[in-house]
$ cat coords.cif   # mmCIF, C-alpha atoms
data_structure
loop_
_atom_site.group_PDB
_atom_site.id
_atom_site.type_symbol
_atom_site.label_atom_id
_atom_site.label_comp_id
_atom_site.auth_asym_id
_atom_site.auth_seq_id
_atom_site.Cartn_x
_atom_site.Cartn_y
_atom_site.Cartn_z
ATOM 1 C CA ALA A 986 43.255 14.877 -60.853
ATOM 2 C CA GLN A 987 43.365 13.080 -57.550
ATOM 3 C CA THR A 988 44.626 14.573 -54.316
ATOM 4 C CA VAL A 989 44.717 13.094 -50.851
ATOM 5 C CA THR A 990 45.224 14.906 -47.551
ATOM 6 C CA GLN A 991 46.085 13.151 -44.330
ATOM 7 C CA SER A 992 46.288 15.974 -41.827
ATOM 8 C CA GLN A 993 47.719 13.967 -38.939
ATOM 9 C CA PRO A 994 51.404 13.162 -39.522
ATOM 10 C CA GLU A 995 51.514 11.239 -36.245
ATOM 11 C CA MET A 996 48.994 9.751 -33.835
ATOM 12 C CA SER A 997 49.310 7.684 -30.696
ATOM 13 C CA VAL A 998 46.883 5.447 -28.858
ATOM 14 C CA GLN A 999 46.914 3.301 -25.764
ATOM 15 C CA GLU A 1000 46.646 -0.408 -26.234
ATOM 16 C CA ALA A 1001 42.981 -1.532 -26.229
ATOM 17 C CA GLU A 1002 41.752 1.986 -26.926
ATOM 18 C CA THR A 1003 40.175 3.362 -30.108
ATOM 19 C CA VAL A 1004 41.802 5.745 -32.561
ATOM 20 C CA THR A 1005 40.558 7.491 -35.688
ATOM 21 C CA LEU A 1006 42.777 8.502 -38.585
ATOM 22 C CA SER A 1007 41.479 11.160 -40.933
ATOM 23 C CA CYS A 1008 41.661 11.460 -44.703
ATOM 24 C CA THR A 1009 40.132 13.845 -47.201
ATOM 25 C CA TYR A 1010 40.413 13.446 -50.924
ATOM 26 C CA ASP A 1011 39.453 14.968 -54.193
ATOM 27 C CA THR A 1012 38.715 13.114 -57.381
ATOM 28 C CA SER A 1013 37.003 13.958 -60.651
ATOM 29 C CA GLU A 1014 35.750 10.413 -61.045
ATOM 30 C CA SER A 1015 32.142 9.571 -60.263
ATOM 31 C CA ASP A 1016 32.678 5.901 -59.512
ATOM 32 C CA TYR A 1017 35.626 5.014 -57.357
ATOM 33 C CA TYR A 1018 37.011 2.995 -54.496
ATOM 34 C CA LEU A 1019 38.720 4.206 -51.357
ATOM 35 C CA PHE A 1020 41.409 2.289 -49.531
ATOM 36 C CA TRP A 1021 43.407 2.307 -46.353
ATOM 37 C CA TYR A 1022 46.804 0.648 -46.444
ATOM 38 C CA LYS A 1023 49.072 -0.205 -43.549
ATOM 39 C CA GLN A 1024 52.859 -0.192 -43.758
ATOM 40 C CA PRO A 1025 54.575 -1.729 -40.707
ATOM 41 C CA PRO A 1026 58.333 -1.457 -40.140
ATOM 42 C CA SER A 1027 58.800 -4.436 -42.452
ATOM 43 C CA ARG A 1028 57.792 -1.891 -45.188
ATOM 44 C CA GLN A 1029 55.270 -4.273 -46.754
ATOM 45 C CA MET A 1030 52.181 -2.404 -47.972
ATOM 46 C CA ILE A 1031 49.074 -4.187 -46.728
ATOM 47 C CA LEU A 1032 45.513 -3.458 -47.823
ATOM 48 C CA VAL A 1033 43.482 -2.956 -44.644
ATOM 49 C CA ILE A 1034 40.024 -1.996 -45.867
ATOM 50 C CA ARG A 1035 38.210 -0.832 -48.974
ATOM 51 C CA GLN A 1036 35.038 1.166 -49.587
ATOM 52 C CA GLU A 1037 33.057 1.419 -52.791
ATOM 53 C CA ALA A 1038 31.925 5.002 -53.227
ATOM 54 C CA TYR A 1039 28.459 4.064 -54.445
ATOM 55 C CA LYS A 1040 27.752 2.125 -51.254
ATOM 56 C CA GLN A 1041 26.337 4.157 -48.398
ATOM 57 C CA GLN A 1042 27.112 1.532 -45.798
ATOM 58 C CA ASN A 1043 30.495 1.969 -44.161
ATOM 59 C CA ALA A 1044 32.923 -0.900 -44.618
ATOM 60 C CA THR A 1045 34.161 -2.902 -41.657
ATOM 61 C CA GLU A 1046 36.911 -5.504 -41.324
ATOM 62 C CA ASN A 1047 37.102 -6.921 -37.821
ATOM 63 C CA ARG A 1048 38.524 -4.111 -35.636
ATOM 64 C CA PHE A 1049 38.831 -1.726 -38.582
ATOM 65 C CA SER A 1050 35.968 0.402 -39.834
ATOM 66 C CA VAL A 1051 35.563 3.515 -41.900
ATOM 67 C CA ASN A 1052 33.431 6.615 -41.745
ATOM 68 C CA PHE A 1053 32.759 7.537 -45.349
ATOM 69 C CA GLN A 1054 31.210 10.946 -45.998
ATOM 70 C CA LYS A 1055 30.910 11.184 -49.770
ATOM 71 C CA ALA A 1056 29.658 14.758 -49.982
ATOM 72 C CA ALA A 1057 32.467 15.957 -47.751
ATOM 73 C CA LYS A 1058 34.978 13.665 -49.497
ATOM 74 C CA SER A 1059 36.067 12.374 -46.150
ATOM 75 C CA PHE A 1060 37.209 8.828 -45.432
ATOM 76 C CA SER A 1061 38.400 8.199 -41.888
ATOM 77 C CA LEU A 1062 39.670 4.928 -40.429
ATOM 78 C CA LYS A 1063 38.700 3.786 -36.953
ATOM 79 C CA ILE A 1064 40.767 1.154 -35.200
ATOM 80 C CA SER A 1065 39.064 -0.380 -32.183
ATOM 81 C CA ASP A 1066 40.769 -2.313 -29.400
ATOM 82 C CA SER A 1067 44.172 -1.184 -30.649
ATOM 83 C CA GLN A 1068 46.934 -3.750 -30.525
ATOM 84 C CA LEU A 1069 50.705 -3.363 -30.523
ATOM 85 C CA GLY A 1070 50.769 -4.902 -33.982
ATOM 86 C CA ASP A 1071 48.689 -2.019 -35.320
ATOM 87 C CA ALA A 1072 51.680 0.295 -35.017
ATOM 88 C CA ALA A 1073 52.521 1.344 -38.565
ATOM 89 C CA MET A 1074 52.208 4.029 -41.199
ATOM 90 C CA TYR A 1075 48.692 4.265 -42.567
ATOM 91 C CA PHE A 1076 47.965 5.538 -46.051
ATOM 92 C CA CYS A 1077 44.679 6.551 -47.621
ATOM 93 C CA ALA A 1078 44.042 6.383 -51.380
ATOM 94 C CA PRO A 1079 41.164 6.752 -53.864
ATOM 95 C CA GLN A 1080 41.055 4.762 -57.081
ATOM 96 C CA GLY A 1081 38.647 5.509 -59.896
ATOM 97 C CA GLY A 1082 37.897 4.053 -63.263
ATOM 98 C CA SER A 1083 41.180 5.362 -64.630
ATOM 99 C CA GLU A 1084 42.831 2.985 -62.113
ATOM 100 C CA LYS A 1085 45.251 5.709 -61.002
ATOM 101 C CA LEU A 1086 46.167 5.174 -57.342
ATOM 102 C CA VAL A 1087 47.670 8.124 -55.498
ATOM 103 C CA PHE A 1088 48.449 8.057 -51.788
ATOM 104 C CA GLY A 1089 48.435 10.631 -49.050
ATOM 105 C CA LYS A 1090 51.537 11.440 -47.009
ATOM 106 C CA GLY A 1091 50.538 8.939 -44.368
ATOM 107 C CA THR A 1092 49.908 8.931 -40.631
ATOM 108 C CA LYS A 1093 52.359 7.249 -38.305
ATOM 109 C CA LEU A 1094 50.462 5.393 -35.595
ATOM 110 C CA THR A 1095 52.152 4.524 -32.328
ATOM 111 C CA VAL A 1096 50.488 2.097 -29.937
ATOM 112 C CA ASN A 1097 51.534 2.482 -26.318
ATOM 113 C CA PRO A 1098 51.404 -0.533 -24.005
ATOM 114 C CA ASP B 753 49.044 -16.931 -56.172
ATOM 115 C CA ALA B 754 52.579 -15.785 -55.383
ATOM 116 C CA GLY B 755 51.646 -12.116 -55.232
ATOM 117 C CA VAL B 756 53.606 -9.325 -56.850
ATOM 118 C CA ILE B 757 57.244 -10.305 -57.198
ATOM 119 C CA GLN B 758 59.992 -7.723 -57.314
ATOM 120 C CA SER B 759 63.683 -8.232 -57.868
ATOM 121 C CA PRO B 760 66.178 -7.573 -56.561
ATOM 122 C CA ARG B 761 65.182 -6.933 -52.936
ATOM 123 C CA HIS B 762 68.285 -4.847 -52.363
ATOM 124 C CA GLU B 763 70.590 -3.106 -54.803
ATOM 125 C CA VAL B 764 73.724 -1.155 -54.086
ATOM 126 C CA THR B 765 75.341 0.530 -57.042
ATOM 127 C CA GLU B 766 77.826 3.239 -57.821
ATOM 128 C CA MET B 767 76.823 6.609 -59.133
ATOM 129 C CA GLY B 768 76.663 6.611 -62.911
ATOM 130 C CA GLN B 769 75.771 2.963 -63.252
ATOM 131 C CA GLU B 770 72.593 1.660 -64.857
ATOM 132 C CA VAL B 771 70.048 0.095 -62.535
ATOM 133 C CA THR B 772 67.158 -2.126 -63.605
ATOM 134 C CA LEU B 773 64.347 -3.057 -61.263
ATOM 135 C CA ARG B 774 61.985 -5.860 -62.193
ATOM 136 C CA CYS B 775 58.392 -6.681 -61.415
ATOM 137 C CA LYS B 776 56.064 -9.595 -62.062
ATOM 138 C CA PRO B 777 52.451 -8.597 -61.395
ATOM 139 C CA ILE B 778 49.645 -10.824 -60.211
ATOM 140 C CA SER B 779 48.135 -12.803 -63.064
ATOM 141 C CA GLY B 780 44.886 -11.286 -64.258
ATOM 142 C CA HIS B 781 45.601 -7.803 -62.963
ATOM 143 C CA ASN B 782 45.318 -5.208 -65.692
ATOM 144 C CA SER B 783 47.085 -2.266 -64.048
ATOM 145 C CA LEU B 784 50.657 -1.953 -62.855
ATOM 146 C CA PHE B 785 52.180 0.847 -60.809
ATOM 147 C CA TRP B 786 55.714 1.918 -59.940
ATOM 148 C CA TYR B 787 56.193 3.968 -56.755
ATOM 149 C CA ARG B 788 59.196 5.503 -55.048
ATOM 150 C CA GLN B 789 59.252 5.969 -51.279
ATOM 151 C CA THR B 790 61.560 8.275 -49.354
ATOM 152 C CA MET B 791 61.317 9.894 -45.953
ATOM 153 C CA MET B 792 61.212 13.358 -47.475
ATOM 154 C CA ARG B 793 58.735 12.810 -50.308
ATOM 155 C CA GLY B 794 56.631 9.921 -49.079
ATOM 156 C CA LEU B 795 55.100 7.457 -51.532
ATOM 157 C CA GLU B 796 55.272 8.928 -55.032
ATOM 158 C CA LEU B 797 53.581 7.434 -58.064
ATOM 159 C CA LEU B 798 56.147 7.360 -60.854
ATOM 160 C CA ILE B 799 54.192 5.716 -63.657
ATOM 161 C CA TYR B 800 51.314 3.363 -64.204
ATOM 162 C CA PHE B 801 50.275 1.040 -66.992
ATOM 163 C CA ASN B 802 46.881 -0.237 -67.986
ATOM 164 C CA ASN B 803 46.774 -3.330 -70.203
ATOM 165 C CA ASN B 804 50.528 -2.934 -70.748
ATOM 166 C CA VAL B 805 50.168 0.644 -72.039
ATOM 167 C CA PRO B 806 51.727 3.546 -70.096
ATOM 168 C CA ILE B 807 48.863 5.797 -69.035
ATOM 169 C CA ASP B 808 50.481 8.411 -66.835
ATOM 170 C CA ASP B 809 54.222 8.948 -66.479
ATOM 171 C CA SER B 810 53.996 12.456 -65.060
ATOM 172 C CA GLY B 811 55.653 11.288 -61.860
ATOM 173 C CA MET B 812 58.830 10.116 -63.535
ATOM 174 C CA PRO B 813 61.415 12.550 -62.154
ATOM 175 C CA GLU B 814 63.541 13.013 -65.279
ATOM 176 C CA ASP B 815 64.759 11.416 -68.446
ATOM 177 C CA ARG B 816 67.131 9.191 -66.549
ATOM 178 C CA PHE B 817 64.109 7.124 -65.545
ATOM 179 C CA SER B 818 62.300 4.853 -67.954
ATOM 180 C CA ALA B 819 59.758 2.063 -67.560
ATOM 181 C CA LYS B 820 58.525 -0.649 -69.842
ATOM 182 C CA MET B 821 55.881 -3.326 -69.788
ATOM 183 C CA PRO B 822 56.516 -5.615 -72.745
ATOM 184 C CA ASN B 823 53.791 -8.058 -71.715
ATOM 185 C CA ALA B 824 51.184 -8.626 -69.034
ATOM 186 C CA SER B 825 53.540 -10.535 -66.774
ATOM 187 C CA PHE B 826 56.631 -8.338 -66.648
ATOM 188 C CA SER B 827 57.710 -4.752 -66.151
ATOM 189 C CA THR B 828 61.004 -2.960 -65.642
ATOM 190 C CA LEU B 829 62.027 0.379 -64.206
ATOM 191 C CA LYS B 830 65.421 1.563 -65.373
ATOM 192 C CA ILE B 831 67.588 4.372 -64.076
ATOM 193 C CA GLN B 832 70.489 5.420 -66.282
ATOM 194 C CA PRO B 833 72.716 6.953 -65.057
ATOM 195 C CA SER B 834 71.946 6.533 -61.377
ATOM 196 C CA GLU B 835 72.620 9.278 -58.834
ATOM 197 C CA PRO B 836 72.811 9.223 -55.022
ATOM 198 C CA ARG B 837 69.488 11.102 -54.791
ATOM 199 C CA ASP B 838 67.803 8.125 -56.449
ATOM 200 C CA SER B 839 68.368 6.128 -53.275
ATOM 201 C CA ALA B 840 64.935 5.014 -52.086
ATOM 202 C CA VAL B 841 62.603 2.055 -51.824
ATOM 203 C CA TYR B 842 60.885 1.321 -55.123
ATOM 204 C CA PHE B 843 57.569 -0.510 -55.062
ATOM 205 C CA CYS B 844 55.685 -2.221 -57.811
ATOM 206 C CA ALA B 845 51.971 -2.870 -57.397
ATOM 207 C CA SER B 846 49.352 -4.501 -59.568
ATOM 208 C CA SER B 847 45.634 -3.993 -59.541
ATOM 209 C CA ARG B 848 42.314 -4.866 -60.961
ATOM 210 C CA LYS B 849 39.280 -2.861 -60.018
ATOM 211 C CA GLY B 850 38.972 -2.801 -56.274
ATOM 212 C CA GLY B 851 42.466 -2.687 -54.902
ATOM 213 C CA ALA B 852 46.157 -2.879 -55.556
ATOM 214 C CA PHE B 853 48.607 -5.378 -54.155
ATOM 215 C CA PHE B 854 52.208 -4.494 -53.577
ATOM 216 C CA GLY B 855 55.495 -6.264 -53.971
ATOM 217 C CA GLN B 856 58.051 -6.329 -51.188
ATOM 218 C CA GLY B 857 59.913 -3.397 -52.684
ATOM 219 C CA THR B 858 63.489 -2.901 -53.819
ATOM 220 C CA ARG B 859 65.773 -0.875 -51.583
ATOM 221 C CA LEU B 860 68.148 0.983 -53.883
ATOM 222 C CA THR B 861 71.287 2.607 -52.574
ATOM 223 C CA VAL B 862 73.426 4.650 -54.938
ATOM 224 C CA VAL B 863 76.853 5.478 -53.557
#
$ encode --input "coords.cif" --output "structure tokens"
Amino acid sequence: AQTVTQSQPEMSVQEAETVTLSCTYDTSESDYYLFWYKQPPSRQMILVIRQEAYKQQNATENRFSVNFQKAAKSFSLKISDSQLGDAAMYFCAPQGGSEKLVFGKGTKLTVNP
Amino acid sequence: DAGVIQSPRHEVTEMGQEVTLRCKPISGHNSLFWYRQTMMRGLELLIYFNNNVPIDDSGMPEDRFSAKMPNASFSTLKIQPSEPRDSAVYFCASSRKGGAFFGQGTRLTVV
């Protein structure tokens, strides 16, 4: 079974500042991926960043990076130099060999000018 | 690639009517997912297919919901009969190992 916990229903950040969104998960799979998705008001689900669980190096995509702690089953997302366009719901999800993809409840990020 | 294509984008129907949502996944993707999103329940996985075979339908709320994937390029989610509490945004997503890509969603309103 897969479970995902995003303990921060809402977060806010000042433009140009850094914010970290937290996610913990549980999965019975030994080989899996972890993802962060962004859902802006347009409701489109956008893949932001992915991490392969067997890789120790944390993934980065421009201003987005993750802190992956496999033993703790923690997968946080750091957004640097926050921009107004980063305002959205953010969802965390693991995906293993079974391909099942289950999301957390999400964190609503507000970016203040 | 055109991405995952869902139709219709919006659907308004009367209670008791049959509703069919459609999805064309990305070519080459071997998994397909149907999700329902509401404010109260968030993003719920209803069912997913792997190589056109339903793998897990434990999220399907009740017998009024059914999903099919007759081939690798098409899937449907049917609600019969529809009820006002089925009002939500329904997403289809397709995946191969390493990430899923979503359609634009169908906003369903049952009045």
$ residues_around --input "coords.cif" --residues "region 1008-1016 of chain A" --least-positions-apart "3" --cutoff "12 Å" --atoms "all atoms listed in the file" --output "number ranges by chain"
A: 986-994, 1005, 1019-1021, 1036-1040, 1051-1063, 1075-1092; B: 849-850
$ interface_residues --input "coords.cif" --of "chain B" --to "chain A" --cutoff "10 Å" --atoms "all atoms listed in the file" --output "number ranges by chain"
B: 782-785, 787, 791-797, 799-802, 807-808, 841, 843, 845, 847-857
$ resolve_selection --input "coords.cif" --expression "the PyMOL selection byres ((chain A and resi 1094) around 7)" --output "list of chain:residue names"
A:Glu995, A:Met996, A:Ser997, A:Ala1072, A:Ala1073, A:Met1074, A:Thr1092, A:Lys1093, A:Thr1095, A:Val1096
$ residues_around --input "coords.cif" --residues "Leu829 (chain B)" --least-positions-apart "4" --cutoff "7 Å" --atoms "all atoms listed in the file" --output "VMD selection string"
chain B and resid 772 to 774 818 to 820
$ atom_distance --input "coords.cif" --atom1 "CA of Pro806 (chain B)" --atom2 "CA of Ile831 (chain B)"
17.0 Å
$ axis_aligned_box --input "coords.cif" --around "region 833-852 of chain B" --padding-each-side "6 Å" --output "lines of an AutoDock Vina configuration file"
center_x = 55.9
center_y = 3.1
center_z = -58.4
size_x = 45.8
size_y = 28.0
size_z = 25.2
$ resolve_selection --input "coords.cif" --expression "the PyMOL selection byres ((chain B and resi 764) around 6)" --output "count of residues only"
5
$ closest_residue --input "coords.cif" --among "B:Asn804, B:Ser759, B:Thr858, B:Gln769" --to "Glu835 (chain B)" --atoms "all atoms listed in the file"
B:Gln769
$ resolve_selection --input "coords.cif" --expression "the PyMOL selection byres ((chain B and resi 811) around 6)" --output "PyMOL selection string"
chain B and resi 797-798+809-810+812-813
$ atom_distance --input "coords.cif" --atom1 "CA of Ser1065 (chain A)" --atom2 "CA of Glu1000 (chain A)"
9.6 Å
$ atom_distance --input "coords.cif" --atom1 "CA of Ala840 (chain B)" --atom2 "CA of Met821 (chain B)"
21.6 Å
$ closest_residue --input "coords.cif" --among "B:Ser846, B:Gln789, B:Lys830, B:Asp838" --to "Pro777 (chain B)" --atoms "all atoms listed in the file"
B:Ser846
